[in-house]
$ cat structure_36.cif   # mmCIF, C-alpha atoms
data_upload
#
loop_
_atom_site.group_PDB
_atom_site.id
_atom_site.type_symbol
_atom_site.label_atom_id
_atom_site.label_comp_id
_atom_site.auth_asym_id
_atom_site.auth_seq_id
_atom_site.Cartn_x
_atom_site.Cartn_y
_atom_site.Cartn_z
ATOM 1 C CA MET A 1 0.000 0.000 0.000
ATOM 2 C CA GLY A 2 1.037 3.637 -0.099
ATOM 3 C CA ARG A 3 2.776 3.818 -3.456
ATOM 4 C CA LYS A 4 2.835 7.581 -3.983
ATOM 5 C CA ASN A 5 3.411 10.793 -2.110
ATOM 6 C CA LEU A 6 0.457 11.361 0.199
ATOM 7 C CA THR A 7 -0.448 14.026 2.723
ATOM 8 C CA THR A 8 -1.165 11.287 5.266
ATOM 9 C CA PHE A 9 1.106 8.444 6.339
ATOM 10 C CA LYS A 10 -0.690 5.117 6.504
ATOM 11 C CA CYS A 11 2.109 2.580 6.981
ATOM 12 C CA GLU A 12 4.412 1.780 9.889
ATOM 13 C CA GLN A 13 7.394 1.793 7.521
ATOM 14 C CA LEU A 14 8.262 4.888 5.495
ATOM 15 C CA LEU A 15 10.888 4.905 2.734
ATOM 16 C CA LEU A 16 12.273 8.166 1.325
ATOM 17 C CA VAL A 17 13.734 8.154 -2.196
ATOM 18 C CA GLU A 18 15.101 10.957 -4.363
ATOM 19 C CA GLY A 19 12.910 11.192 -7.433
ATOM 20 C CA GLN A 20 10.525 9.661 -9.947
ATOM 21 C CA ASP A 21 13.065 7.172 -11.339
ATOM 22 C CA GLU A 22 13.879 5.731 -7.930
ATOM 23 C CA PHE A 23 10.216 5.833 -6.936
ATOM 24 C CA GLY A 24 9.087 3.855 -9.990
ATOM 25 C CA PHE A 25 11.893 1.344 -9.596
ATOM 26 C CA LEU A 26 11.052 0.768 -5.926
ATOM 27 C CA VAL A 27 7.343 0.362 -6.646
ATOM 28 C CA ARG A 28 8.145 -2.545 -8.963
ATOM 29 C CA LEU A 29 10.764 -4.057 -6.635
ATOM 30 C CA LEU A 30 8.414 -3.927 -3.638
ATOM 31 C CA GLU A 31 5.729 -5.619 -5.724
ATOM 32 C CA PHE A 32 8.184 -8.337 -6.785
ATOM 33 C CA LEU A 33 9.237 -8.895 -3.163
ATOM 34 C CA LYS A 34 5.573 -8.887 -2.078
ATOM 35 C CA ILE A 35 6.253 -6.149 0.476
ATOM 36 C CA GLU A 36 3.046 -4.231 1.202
ATOM 37 C CA THR A 37 3.965 -2.542 4.468
ATOM 38 C CA VAL A 38 6.147 0.267 3.078
ATOM 39 C CA GLN A 39 4.928 3.704 2.061
ATOM 40 C CA LEU A 40 7.187 5.402 -0.482
ATOM 41 C CA HIS A 41 7.761 9.134 -0.319
ATOM 42 C CA MET A 42 9.662 11.198 -2.923
ATOM 43 C CA LEU A 43 11.987 14.043 -2.063
ATOM 44 C CA ASN A 44 11.676 15.435 -5.600
ATOM 45 C CA GLY A 45 15.424 16.052 -5.539
ATOM 46 C CA ILE A 46 18.200 15.600 -3.003
ATOM 47 C CA ASP A 47 18.232 19.336 -2.271
ATOM 48 C CA ASN A 48 14.824 18.907 -0.630
ATOM 49 C CA LEU A 49 16.046 16.328 1.903
ATOM 50 C CA ALA A 50 16.372 18.651 4.896
ATOM 51 C CA GLY A 51 13.039 20.363 4.234
ATOM 52 C CA VAL A 52 11.131 17.110 3.762
ATOM 53 C CA LEU A 53 12.585 15.649 6.948
ATOM 54 C CA ARG A 54 11.547 18.720 8.942
ATOM 55 C CA LEU A 55 7.978 18.323 7.679
ATOM 56 C CA LEU A 56 7.645 14.614 8.473
ATOM 57 C CA PRO A 57 6.699 15.003 12.155
ATOM 58 C CA LYS A 58 4.041 17.543 11.167
ATOM 59 C CA THR A 59 2.433 15.236 8.603
ATOM 60 C CA PRO A 60 -0.849 13.542 9.590
ATOM 61 C CA GLY A 61 -0.325 9.901 10.447
ATOM 62 C CA PHE A 62 3.318 10.336 11.432
ATOM 63 C CA ASP A 63 2.497 8.903 14.854
ATOM 64 C CA LYS A 64 1.849 5.581 13.087
ATOM 65 C CA VAL A 65 5.353 5.479 11.577
ATOM 66 C CA LYS A 66 7.655 3.080 13.432
ATOM 67 C CA ARG A 67 10.557 2.959 10.985
ATOM 68 C CA ILE A 68 11.973 5.500 8.519
ATOM 69 C CA GLY A 69 14.353 4.440 5.771
ATOM 70 C CA LEU A 70 16.379 6.685 3.474
ATOM 71 C CA LEU A 71 17.696 5.211 0.224
ATOM 72 C CA LEU A 72 19.663 7.845 -1.699
ATOM 73 C CA ASP A 73 22.347 8.004 -4.373
ATOM 74 C CA SER A 74 25.982 8.169 -3.266
ATOM 75 C CA ASP A 75 26.800 10.444 -6.202
ATOM 76 C CA SER A 76 30.486 11.412 -6.389
ATOM 77 C CA ASP A 77 31.246 11.210 -2.654
ATOM 78 C CA PRO A 78 29.436 8.636 -0.481
ATOM 79 C CA ALA A 79 31.071 9.905 2.708
ATOM 80 C CA ALA A 80 29.852 13.451 2.047
ATOM 81 C CA ARG A 81 26.370 12.172 1.221
ATOM 82 C CA ILE A 82 26.231 10.218 4.485
ATOM 83 C CA GLN A 83 27.384 13.283 6.406
ATOM 84 C CA SER A 84 24.618 15.302 4.717
ATOM 85 C CA ILE A 85 21.992 12.682 5.566
ATOM 86 C CA ARG A 86 23.031 12.612 9.210
ATOM 87 C CA ALA A 87 23.060 16.396 9.491
ATOM 88 C CA SER A 88 19.627 16.682 7.870
ATOM 89 C CA LEU A 89 18.189 14.065 10.224
ATOM 90 C CA SER A 90 19.611 15.821 13.265
ATOM 91 C CA HIS A 91 18.336 19.236 12.189
ATOM 92 C CA ALA A 92 14.863 17.721 11.763
ATOM 93 C CA GLY A 93 14.928 16.356 15.300
ATOM 94 C CA LEU A 94 15.057 12.762 14.091
ATOM 95 C CA ALA A 95 17.487 10.027 15.064
ATOM 96 C CA SER A 96 20.756 10.102 13.120
ATOM 97 C CA PRO A 97 22.467 6.680 13.154
ATOM 98 C CA ALA A 98 26.242 6.941 13.232
ATOM 99 C CA MET A 99 26.623 4.295 10.530
ATOM 100 C CA PRO A 100 24.651 3.218 7.462
ATOM 101 C CA LEU A 101 22.470 0.109 7.794
ATOM 102 C CA THR A 102 22.043 0.587 11.527
ATOM 103 C CA PHE A 103 18.943 1.714 13.416
ATOM 104 C CA SER A 104 18.545 4.299 16.128
ATOM 105 C CA GLY A 105 15.819 6.381 17.759
ATOM 106 C CA THR A 106 12.039 6.426 17.905
ATOM 107 C CA PRO A 107 10.773 6.272 15.250
ATOM 108 C CA SER A 108 13.667 4.058 14.271
ATOM 109 C CA VAL A 109 15.762 5.474 11.430
ATOM 110 C CA VAL A 110 18.029 3.622 8.992
ATOM 111 C CA TYR A 111 19.750 4.821 5.814
ATOM 112 C CA THR A 112 22.120 3.777 3.071
ATOM 113 C CA THR A 113 23.271 4.964 -0.333
ATOM 114 C CA VAL A 114 23.307 3.420 -3.803
ATOM 115 C CA PRO A 115 25.213 1.612 -5.255
ATOM 116 C CA SER A 116 26.550 1.171 -1.701
ATOM 117 C CA HIS A 117 27.566 3.360 1.215
ATOM 118 C CA GLU A 118 31.206 2.780 0.244
ATOM 119 C CA LEU A 119 31.015 3.399 -3.517
ATOM 120 C CA PRO A 120 30.218 6.518 -5.555
ATOM 121 C CA GLY A 121 27.429 6.270 -8.055
ATOM 122 C CA CYS A 122 23.660 5.992 -8.338
ATOM 123 C CA LEU A 123 20.824 3.634 -9.211
ATOM 124 C CA GLU A 124 21.895 3.689 -12.845
ATOM 125 C CA ASP A 125 25.158 1.961 -11.896
ATOM 126 C CA LEU A 126 23.195 -1.049 -10.640
ATOM 127 C CA ILE A 127 21.000 -1.012 -13.745
ATOM 128 C CA MET A 128 24.168 -1.029 -15.849
ATOM 129 C CA GLN A 129 25.406 -4.079 -13.938
ATOM 130 C CA SER A 130 22.106 -5.850 -14.502
ATOM 131 C CA ALA A 131 22.422 -5.411 -18.272
ATOM 132 C CA VAL A 132 26.077 -6.418 -18.649
ATOM 133 C CA GLY A 133 26.478 -9.353 -20.997
ATOM 134 C CA THR A 134 23.396 -8.641 -23.065
ATOM 135 C CA GLY A 135 23.781 -7.919 -26.761
ATOM 136 C CA ILE A 136 22.368 -4.424 -26.503
ATOM 137 C CA ALA A 137 24.848 -3.600 -23.723
ATOM 138 C CA ASN A 138 27.751 -4.049 -26.117
ATOM 139 C CA CYS A 139 26.083 -1.709 -28.588
ATOM 140 C CA VAL A 140 25.606 0.959 -25.891
ATOM 141 C CA ASP A 141 29.267 0.690 -24.893
ATOM 142 C CA THR A 142 30.314 1.211 -28.510
ATOM 143 C CA PHE A 143 27.955 4.140 -28.964
ATOM 144 C CA LEU A 144 29.174 5.965 -25.855
ATOM 145 C CA SER A 145 32.802 5.289 -26.708
ATOM 146 C CA CYS A 146 32.264 7.057 -30.016
ATOM 147 C CA SER A 147 30.209 9.845 -28.440
ATOM 148 C CA ALA A 148 32.790 10.535 -25.772
ATOM 149 C CA VAL A 149 35.233 11.679 -28.449
ATOM 150 C CA GLN A 150 33.024 14.694 -29.096
ATOM 151 C CA ARG A 151 31.171 14.933 -25.763
ATOM 152 C CA THR A 152 33.637 15.127 -22.902
ATOM 153 C CA ASP A 153 30.800 15.549 -20.380
ATOM 154 C CA ILE A 154 29.621 11.944 -20.796
ATOM 155 C CA GLY A 155 32.344 10.584 -18.543
ATOM 156 C CA SER A 156 31.138 12.490 -15.463
ATOM 157 C CA ARG A 157 27.668 10.975 -15.694
ATOM 158 C CA TYR A 158 28.533 7.860 -17.627
ATOM 159 C CA SER A 159 26.082 5.464 -15.987
ATOM 160 C CA LYS A 160 23.147 7.833 -16.491
ATOM 161 C CA SER A 161 24.080 8.317 -20.139
ATOM 162 C CA TRP A 162 24.519 4.561 -20.480
ATOM 163 C CA VAL A 163 21.104 3.670 -19.057
ATOM 164 C CA HIS A 164 19.245 6.318 -21.036
ATOM 165 C CA SER A 165 20.972 5.090 -24.200
ATOM 166 C CA LEU A 166 19.962 1.532 -23.338
ATOM 167 C CA LEU A 167 16.321 2.502 -22.842
ATOM 168 C CA SER A 168 16.246 4.533 -26.063
ATOM 169 C CA ALA A 169 17.139 1.351 -27.941
ATOM 170 C CA SER A 170 14.568 -0.819 -26.154
ATOM 171 C CA GLU A 171 11.316 -2.122 -27.585
ATOM 172 C CA LYS A 172 9.568 0.824 -25.916
ATOM 173 C CA PRO A 173 11.918 3.791 -26.489
ATOM 174 C CA GLY A 174 11.384 6.964 -24.527
ATOM 175 C CA LEU A 175 10.468 5.358 -21.212
ATOM 176 C CA LYS A 176 11.975 6.687 -17.994
ATOM 177 C CA ILE A 177 13.567 4.310 -15.511
ATOM 178 C CA GLY A 178 10.451 3.923 -13.389
ATOM 179 C CA GLU A 179 8.292 3.343 -16.466
ATOM 180 C CA ALA A 180 10.811 0.894 -17.920
ATOM 181 C CA THR A 181 10.880 -1.028 -14.650
ATOM 182 C CA THR A 182 7.086 -1.227 -14.625
ATOM 183 C CA ALA A 183 7.236 -2.482 -18.218
ATOM 184 C CA LYS A 184 9.745 -5.130 -17.026
ATOM 185 C CA LEU A 185 12.490 -3.840 -19.313
ATOM 186 C CA ILE A 186 14.666 -3.660 -16.196
ATOM 187 C CA ASN A 187 14.970 -6.966 -14.378
ATOM 188 C CA VAL A 188 14.521 -6.296 -10.650
ATOM 189 C CA GLU A 189 15.324 -9.961 -9.947
ATOM 190 C CA HIS A 190 18.945 -9.480 -11.063
ATOM 191 C CA GLU A 191 21.655 -9.993 -8.446
ATOM 192 C CA ALA A 192 22.936 -6.462 -9.107
ATOM 193 C CA PHE A 193 20.037 -5.158 -7.010
ATOM 194 C CA GLU A 194 20.833 -7.326 -3.991
ATOM 195 C CA PRO A 195 22.110 -4.333 -1.934
ATOM 196 C CA ILE A 196 18.686 -2.714 -2.261
ATOM 197 C CA ARG A 197 16.892 -5.962 -1.421
ATOM 198 C CA VAL A 198 19.057 -6.310 1.693
ATOM 199 C CA PHE A 199 18.162 -2.764 2.761
ATOM 200 C CA LEU A 200 14.442 -3.394 2.258
ATOM 201 C CA ALA A 201 14.671 -6.600 4.281
ATOM 202 C CA LEU A 202 16.373 -4.642 7.057
ATOM 203 C CA LEU A 203 13.675 -1.966 6.982
ATOM 204 C CA THR A 204 10.781 -4.410 7.072
ATOM 205 C CA THR A 205 11.893 -7.098 9.525
#
$ encode --input "structure_36.cif" --output "structure tokens"
Amino acid sequence: MGRKNLTTFKCEQLLLVEGQDEFGFLVRLLEFLKIETVQLHMLNGIDNLAGVLRLLPKTPGFDKVKRIGLLLDSDSDPAARIQSIRASLSHAGLASPAMPLTFSGTPSVVYTTVPSHELPGCLEDLIMQSAVGTGIANCVDTFLSCSAVQRTDIGSRYSKSWVHSLLSASEKPGLKIGEATTAKLINVEHEAFEPIRVFLALLTT
């Protein structure tokens, strides 16, 4: 239940994600895992983290929330992202666990980053891993290798460019990550997504 941003919290477990891509991906993954106890909530951008956290305790139904999870991209510096998460939690008056994948406080708070709390990157890095070895993956690699000669900016966001190139060549071109996951063009069963499955198991058990 609770698969979109609502003005009322209805589940004991609340999971905060960055944007529409992550939201759509998690909807499909939760369905695959048959987890119905988590309410997803979008930040609509990492810059909104602190503001959203401050509003949580004022949101109707917050008294029902027993666990809060934050699943965010590591981006270029996982240590800096973790520091930002902890500071934002503290400023909102919420528990701020000293380490990722550990709980503290009431409601109990846990967080991690993707692809892991030790590696830079984002959800697209895991999607890349899930597609490695497929025929289309080789074509995307070749395309971006050629493009990089003229577009030096591709390297800084390589995985995002890679995934969007992959989806543009799919049987349903033009879909965003969340839409492509719903259409089962991204295989949520792949072992590449095990870190996210582990986090969801931690949040819900």
$ closest_residue --input "structure_36.cif" --among "A:Leu71, A:Met99, A:Leu55, A:Val198" --to "Gln83 (chain A)" --atoms "all atoms listed in the file"
A:Met99
$ residues_around --input "structure_36.cif" --residues "Leu94 (chain A)" --least-positions-apart "3" --cutoff "10 Å" --atoms "all atoms listed in the file" --output "PyMOL selection string"
chain A and resi 53-54+56-57+68+86-91+97+104-109
$ resolve_selection --input "structure_36.cif" --expression "the PyMOL selection byres ((chain A and resi 69) around 12)" --output "PyMOL selection string"
chain A and resi 12-17+38-42+53+65-68+70-72+85+89+94-97+100-104+107-113+196+199-204
$ residues_near_point --input "structure_36.cif" --point "(23.4, 0.4, -19.9)" --cutoff "6 Å" --atoms "all atoms listed in the file" --output "ChimeraX atom specification"
/A:128,137,162-163,166
$ atom_distance --input "structure_36.cif" --atom1 "CA of Glu118 (chain A)" --atom2 "CA of Asp77 (chain A)"
8.9 Å
$ resolve_selection --input "structure_36.cif" --expression "the PyMOL selection byres ((chain A and resi 189) around 12)" --output "list of chain:residue names"
A:Phe25, A:Arg28, A:Leu29, A:Leu30, A:Glu31, A:Phe32, A:Leu33, A:Leu126, A:Ile127, A:Ser130, A:Ala131, A:Thr181, A:Lys184, A:Leu185, A:Ile186, A:Asn187, A:Val188, A:His190, A:Glu191, A:Ala192, A:Phe193, A:Glu194, A:Pro195, A:Ile196, A:Arg197
$ write_last_selection --input "structure_36.cif" --atoms "C-alpha atoms" --output "PDB file, in the coordinates of the input"
ATOM      1  CA  PHE A  25      11.893   1.344  -9.596  1.00  0.00           C
ATOM      2  CA  ARG A  28       8.145  -2.545  -8.963  1.00  0.00           C
ATOM      3  CA  LEU A  29      10.764  -4.057  -6.635  1.00  0.00           C
ATOM      4  CA  LEU A  30       8.414  -3.927  -3.638  1.00  0.00           C
ATOM      5  CA  GLU A  31       5.729  -5.619  -5.724  1.00  0.00           C
ATOM      6  CA  PHE A  32       8.184  -8.337  -6.785  1.00  0.00           C
ATOM      7  CA  LEU A  33       9.237  -8.895  -3.163  1.00  0.00           C
ATOM      8  CA  LEU A 126      23.195  -1.049 -10.640  1.00  0.00           C
ATOM      9  CA  ILE A 127      21.000  -1.012 -13.745  1.00  0.00           C
ATOM     10  CA  SER A 130      22.106  -5.850 -14.502  1.00  0.00           C
ATOM     11  CA  ALA A 131      22.422  -5.411 -18.272  1.00  0.00           C
ATOM     12  CA  THR A 181      10.880  -1.028 -14.650  1.00  0.00           C
ATOM     13  CA  LYS A 184       9.745  -5.130 -17.026  1.00  0.00           C
ATOM     14  CA  LEU A 185      12.490  -3.840 -19.313  1.00  0.00           C
ATOM     15  CA  ILE A 186      14.666  -3.660 -16.196  1.00  0.00           C
ATOM     16  CA  ASN A 187      14.970  -6.966 -14.378  1.00  0.00           C
ATOM     17  CA  VAL A 188      14.521  -6.296 -10.650  1.00  0.00           C
ATOM     18  CA  HIS A 190      18.945  -9.480 -11.063  1.00  0.00           C
ATOM     19  CA  GLU A 191      21.655  -9.993  -8.446  1.00  0.00           C
ATOM     20  CA  ALA A 192      22.936  -6.462  -9.107  1.00  0.00           C
ATOM     21  CA  PHE A 193      20.037  -5.158  -7.010  1.00  0.00           C
ATOM     22  CA  GLU A 194      20.833  -7.326  -3.991  1.00  0.00           C
ATOM     23  CA  PRO A 195      22.110  -4.333  -1.934  1.00  0.00           C
ATOM     24  CA  ILE A 196      18.686  -2.714  -2.261  1.00  0.00           C
ATOM     25  CA  ARG A 197      16.892  -5.962  -1.421  1.00  0.00           C
TER      26      ARG A 197
END
$ axis_aligned_box --input "structure_36.cif" --around "region 166-175 of chain A" --padding-each-side "4 Å" --output "AutoDock Vina command-line options"
--center_x 14.8 --center_y 2.4 --center_z -24.6 --size_x 18.4 --size_y 17.1 --size_z 14.7
$ closest_residue --input "structure_36.cif" --among "A:Val132, A:Glu36, A:Leu49, A:His117" --to "Ser76 (chain A)" --atoms "all atoms listed in the file"
A:His117
$ atom_distance --input "structure_36.cif" --atom1 "CA of Gly51 (chain A)" --atom2 "CA of Glu124 (chain A)"
25.5 Å
$ residues_around --input "structure_36.cif" --residues "Asp73 (chain A)" --least-positions-apart "3" --cutoff "7 Å" --atoms "all atoms listed in the file" --output "number ranges by chain"
A: 113-114, 121-123
$ write_last_selection --input "structure_36.cif" --atoms "C-alpha atoms" --output "PDB file, keeping the file's coordinate frame"
ATOM      1  CA  THR A 113      23.271   4.964  -0.333  1.00  0.00           C
ATOM      2  CA  VAL A 114      23.307   3.420  -3.803  1.00  0.00           C
ATOM      3  CA  GLY A 121      27.429   6.270  -8.055  1.00  0.00           C
ATOM      4  CA  CYS A 122      23.660   5.992  -8.338  1.00  0.00           C
ATOM      5  CA  LEU A 123      20.824   3.634  -9.211  1.00  0.00           C
TER       6      LEU A 123
END
$ closest_residue --input "structure_36.cif" --among "A:Gly24, A:Pro78, A:Pro173, A:Gly93" --to "Ala50 (chain A)" --atoms "all atoms listed in the file"
A:Gly93
$ atom_distance --input "structure_36.cif" --atom1 "CA of Asn44 (chain A)" --atom2 "CA of Glu18 (chain A)"
5.8 Å
$ closest_residue --input "structure_36.cif" --among "A:Cys146, A:Val140, A:Ala80, A:Ala92" --to "Lys160 (chain A)" --atoms "all atoms listed in the file"
A:Val140
$ closest_residue --input "structure_36.cif" --among "A:Ala98, A:Ser159, A:Thr142, A:Asp21" --to "Asp75 (chain A)" --atoms "all atoms listed in the file"
A:Ser159
